[in-house]
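Reproduced below: run-v8.csv, with CSV, C-alpha atoms.
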chain,number,residue,atom,x,y,z
A,10,MET,CA,86.6,31.4,84.9
A,11,LYS,CA,88.6,34.2,83.3
A,12,LEU,CA,92.0,35.2,84.8
A,13,LEU,CA,93.9,38.4,84.0
A,14,PHE,CA,97.5,38.9,85.1
A,15,VAL,CA,98.8,42.4,85.2
A,16,CYS,CA,102.1,44.2,85.7
A,17,HIS,CA,103.6,47.6,84.9
A,18,GLY,CA,104.3,47.1,81.1
A,19,ASN,CA,103.0,43.6,80.3
A,20,ILE,CA,106.3,42.4,78.8
A,21,CYS,CA,108.0,40.6,81.7
A,22,ARG,CA,106.0,39.3,84.7
A,23,SER,CA,102.4,39.2,83.6
A,24,PRO,CA,103.0,37.5,80.3
A,25,MET,CA,105.3,35.0,82.1
A,26,ALA,CA,102.4,34.3,84.5
A,27,GLU,CA,100.0,34.0,81.6
A,28,PHE,CA,102.0,31.3,79.8
A,29,VAL,CA,103.0,29.5,83.0
A,30,MET,CA,99.3,29.4,84.1
A,31,LYS,CA,98.2,28.2,80.6
A,32,ASP,CA,100.7,25.4,80.8
A,33,LEU,CA,99.7,24.4,84.3
A,34,LEU,CA,96.0,24.4,83.2
A,35,ARG,CA,96.7,22.3,80.1
A,36,LYS,CA,98.7,19.8,82.1
A,37,ALA,CA,95.8,19.6,84.6
A,38,GLY,CA,93.3,19.0,81.8
A,39,ARG,CA,91.5,22.3,82.7
A,40,ASP,CA,89.9,23.9,79.6
A,41,ASP,CA,87.4,25.8,81.6
A,42,VAL,CA,89.8,28.7,82.5
A,43,THR,CA,90.8,31.5,80.2
A,44,VAL,CA,94.0,33.4,80.9
A,45,ALA,CA,95.4,36.7,79.6
A,46,SER,CA,97.7,39.5,80.7
A,47,ALA,CA,97.7,43.3,80.4
A,48,ALA,CA,99.7,46.4,81.3
A,49,LEU,CA,98.9,49.1,83.9
A,50,HIS,CA,101.0,51.7,82.0
A,51,THR,CA,101.6,52.6,78.4
A,52,ASP,CA,105.4,52.2,78.3
A,53,GLU,CA,105.4,49.0,76.3
A,54,ILE,CA,102.0,48.9,74.6
A,55,GLY,CA,102.2,46.9,71.4
A,56,HIS,CA,105.5,45.2,72.2
A,57,ASP,CA,106.0,41.5,72.6
A,58,MET,CA,107.5,39.9,75.7
A,59,HIS,CA,110.9,40.9,76.8
A,60,ARG,CA,113.6,38.7,75.4
A,61,GLY,CA,114.6,37.6,79.0
A,62,THR,CA,111.0,36.4,79.6
A,63,ARG,CA,111.0,34.5,76.3
A,64,ALA,CA,114.4,32.9,77.1
A,65,GLU,CA,113.3,31.8,80.6
A,66,LEU,CA,110.0,30.3,79.3
A,67,THR,CA,112.0,28.5,76.6
A,68,ARG,CA,114.6,27.2,79.2
A,69,ARG,CA,111.7,25.9,81.3
A,70,GLY,CA,109.9,24.2,78.4
A,71,ILE,CA,106.8,26.5,78.7
A,72,PRO,CA,105.1,27.1,75.4
A,73,PHE,CA,104.3,30.6,74.4
A,74,GLU,CA,103.3,32.6,71.3
A,75,PRO,CA,104.0,36.1,70.0
A,76,ARG,CA,101.7,38.7,71.7
A,77,ALA,CA,101.4,42.4,72.1
A,78,ALA,CA,101.2,44.3,75.4
A,79,TRP,CA,97.9,46.0,75.9
A,80,LEU,CA,96.6,48.5,78.4
A,81,LEU,CA,94.0,47.5,81.0
A,82,THR,CA,90.9,49.7,81.0
A,83,PRO,CA,87.8,49.4,83.2
A,84,GLU,CA,85.8,48.1,80.3
A,85,ARG,CA,88.2,45.3,79.6
A,86,ALA,CA,88.8,44.5,83.2
A,87,HIS,CA,85.1,44.0,83.8
A,88,GLY,CA,85.1,40.8,81.8
A,89,TYR,CA,87.5,39.0,84.1
A,90,ASP,CA,86.8,37.1,87.3
A,91,LEU,CA,90.2,37.6,88.9
A,92,ILE,CA,92.7,40.4,88.2
A,93,ILE,CA,96.1,39.5,89.6
A,94,GLY,CA,98.9,41.9,90.2
A,95,MET,CA,102.6,41.1,90.8
A,96,ASP,CA,103.6,43.7,93.4
A,97,GLY,CA,102.5,46.4,95.7
A,98,MET,CA,102.8,49.1,93.1
A,99,ASN,CA,100.5,47.1,90.7
A,100,MET,CA,98.0,46.7,93.6
A,101,ALA,CA,98.1,50.5,94.2
A,102,ASP,CA,97.6,51.2,90.5
A,103,LEU,CA,94.9,48.6,89.9
A,104,PRO,CA,91.9,50.3,91.6
A,105,HIS,CA,92.4,53.2,89.1
A,106,SER,CA,92.1,50.8,86.2
A,107,VAL,CA,88.9,49.0,87.1
A,108,TYR,CA,85.3,49.9,87.9
A,109,PRO,CA,84.6,50.3,91.6
A,110,SER,CA,82.4,47.2,91.5
A,111,ASP,CA,85.4,45.2,90.2
A,112,ILE,CA,87.8,46.1,93.1
A,113,ARG,CA,86.8,42.9,94.8
A,114,LYS,CA,88.4,40.9,92.0
A,115,LEU,CA,91.9,42.3,92.7
A,116,ARG,CA,94.6,40.0,94.2
A,117,LYS,CA,98.3,39.8,94.4
A,118,LEU,CA,99.8,36.6,92.9
A,119,LEU,CA,101.9,35.4,95.8
A,120,GLU,CA,98.9,35.8,98.2
A,121,PHE,CA,97.6,32.6,96.7
A,122,ALA,CA,100.7,30.9,98.1
A,123,GLY,CA,100.2,32.5,101.5
A,124,SER,CA,102.9,35.1,101.0
A,125,PRO,CA,102.7,38.9,101.1
A,126,ARG,CA,105.9,39.2,99.1
A,127,ASP,CA,106.1,41.0,95.7
A,128,ILE,CA,107.3,39.4,92.6
A,129,ALA,CA,110.4,41.4,91.7
A,130,ASP,CA,110.4,43.0,88.2
A,131,PRO,CA,113.2,41.4,86.2
A,132,TRP,CA,113.3,44.6,84.0
A,133,TYR,CA,115.2,46.1,86.9
A,134,THR,CA,116.8,43.0,88.6
A,135,GLY,CA,117.8,41.1,85.5
A,136,ASP,CA,116.9,37.9,87.4
A,137,PHE,CA,114.3,36.2,85.2
A,138,ALA,CA,115.0,32.8,86.9
A,139,GLN,CA,113.9,34.2,90.3
A,140,THR,CA,110.9,35.9,88.8
A,141,TYR,CA,110.0,32.5,87.1
A,142,GLU,CA,110.3,30.7,90.5
A,143,ASP,CA,108.0,33.2,92.2
A,144,VAL,CA,105.5,33.2,89.3
A,145,GLU,CA,105.3,29.4,89.2
A,146,THR,CA,104.8,29.3,93.0
A,147,GLY,CA,101.9,31.7,92.8
A,148,CYS,CA,100.4,30.1,89.7
A,149,LYS,CA,100.5,26.6,91.3
A,150,ALA,CA,98.8,27.9,94.4
A,151,LEU,CA,96.2,29.7,92.3
A,152,LEU,CA,95.5,26.5,90.3
A,153,ALA,CA,95.1,24.6,93.6
A,154,MET,CA,92.5,27.2,94.7
A,155,LEU,CA,90.6,26.9,91.4
Mind converting the file's structure to structure tokens?
Amino acid sequence: MKLLFVCHGNICRSPMAEFVMKDLLRKAGRDDVTVASAALHTDEIGHDMHRGTRAELTRRGIPFEPRAAWLLTPERAHGYDLIIGMDGMNMADLPHSVYPSDIRKLRKLLEFAGSPRDIADPWYTGDFAQTYEDVETGCKALLAML
């Protein structure tokens, strides 16, 4: 199984979800799932995670490594089994970033937890702790589904 988390710039929510999910999978002894994250827009391509994301992951004891934001393309999306957005805007953008045959792979993260809510972008809210709580809720529900 290959999971791809996406958000606007791939520096806040999607890399947070990537590393939270990797940690949950490691703790569950699951080595059969690959996890990555990508951007839907070019604003932050090549940049590492936002300092607020790194600080929140550190505060929660979630391991992470340096990375660079990259842009989702249909070719790259095709290699994933699930492509998971964070909010309604991501979900509106995603069909334009994948092949038509891959639209069935698109899901919003909190849907796995039975919620239609968006995960707020801490770039705008500044609330990385709340974003973490929502990401963790979605990732734990996704893990249970796997």
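With only C-alpha atoms as the atoms that count, the minimum distance from Glu145 (chain A) to the choices A:Arg39, A:His50, A:Arg22, A:Arg85 is reached by A:Arg22.
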Inset, instruction - Between CA of Val42 (chain A) and CA of Ile93 (chain A), measure the distance and give it in Å to one decimal. - result: 14.4 Å
Counting all atoms listed in the file, find the residues whose atoms lie at most 9 Å from (110.5, 39.3, 81.5) (file coordinates) and write them out as a compact mmCIF listing (two decimals) with C-alpha atoms, in the frame of the given file.
# COMPACT_ATOMS: atom_id res chain seq x y z
CA ASN A 19 103.00 43.60 80.30
CA ILE A 20 106.30 42.40 78.80
CA CYS A 21 108.00 40.60 81.70
CA ARG A 22 106.00 39.30 84.70
CA SER A 23 102.40 39.20 83.60
CA PRO A 24 103.00 37.50 80.30
CA MET A 25 105.30 35.00 82.10
CA MET A 58 107.50 39.90 75.70
CA HIS A 59 110.90 40.90 76.80
CA ARG A 60 113.60 38.70 75.40
CA GLY A 61 114.60 37.60 79.00
CA THR A 62 111.00 36.40 79.60
CA ARG A 63 111.00 34.50 76.30
CA ALA A 64 114.40 32.90 77.10
CA GLU A 65 113.30 31.80 80.60
CA ASP A 130 110.40 43.00 88.20
CA PRO A 131 113.20 41.40 86.20
CA TRP A 132 113.30 44.60 84.00
CA GLY A 135 117.80 41.10 85.50
CA ASP A 136 116.90 37.90 87.40
CA PHE A 137 114.30 36.20 85.20
CA THR A 140 110.90 35.90 88.80
CA TYR A 141 110.00 32.50 87.10
Inset, instruction - Could you tell me how far CA of Tyr133 (chain A) lies from CA of Tyr89 (chain A), in Å and to one decimal? - result: 28.7 Å
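Ranking A:Val29, A:Glu120, A:Pro109, A:Ala129 by their shortest atom-to-atom distance to Leu66 (chain A), with only C-alpha atoms included, puts A:Val29 first.
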Inset, instruction - Could you please determine the separation between CA of His87 (chain A) and CA of Met100 (chain A) in Å, to one decimal place? - result: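 The value is 16.4 Å.
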Inset, instruction - May I ask which of the residues A:His17, A:Asp90, A:His56, A:Ile71 is the closest one to Lys31 (chain A), counting all atoms listed in the file? - result: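 The answer is A:Ile71, which sits nearest to Lys31 (chain A).
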Legend entry - Residue among A:Ala153, A:Asp111, A:Ala138, A:Asp96 lying closest to Leu34 (chain A), counting all atoms listed in the file: A:Ala153
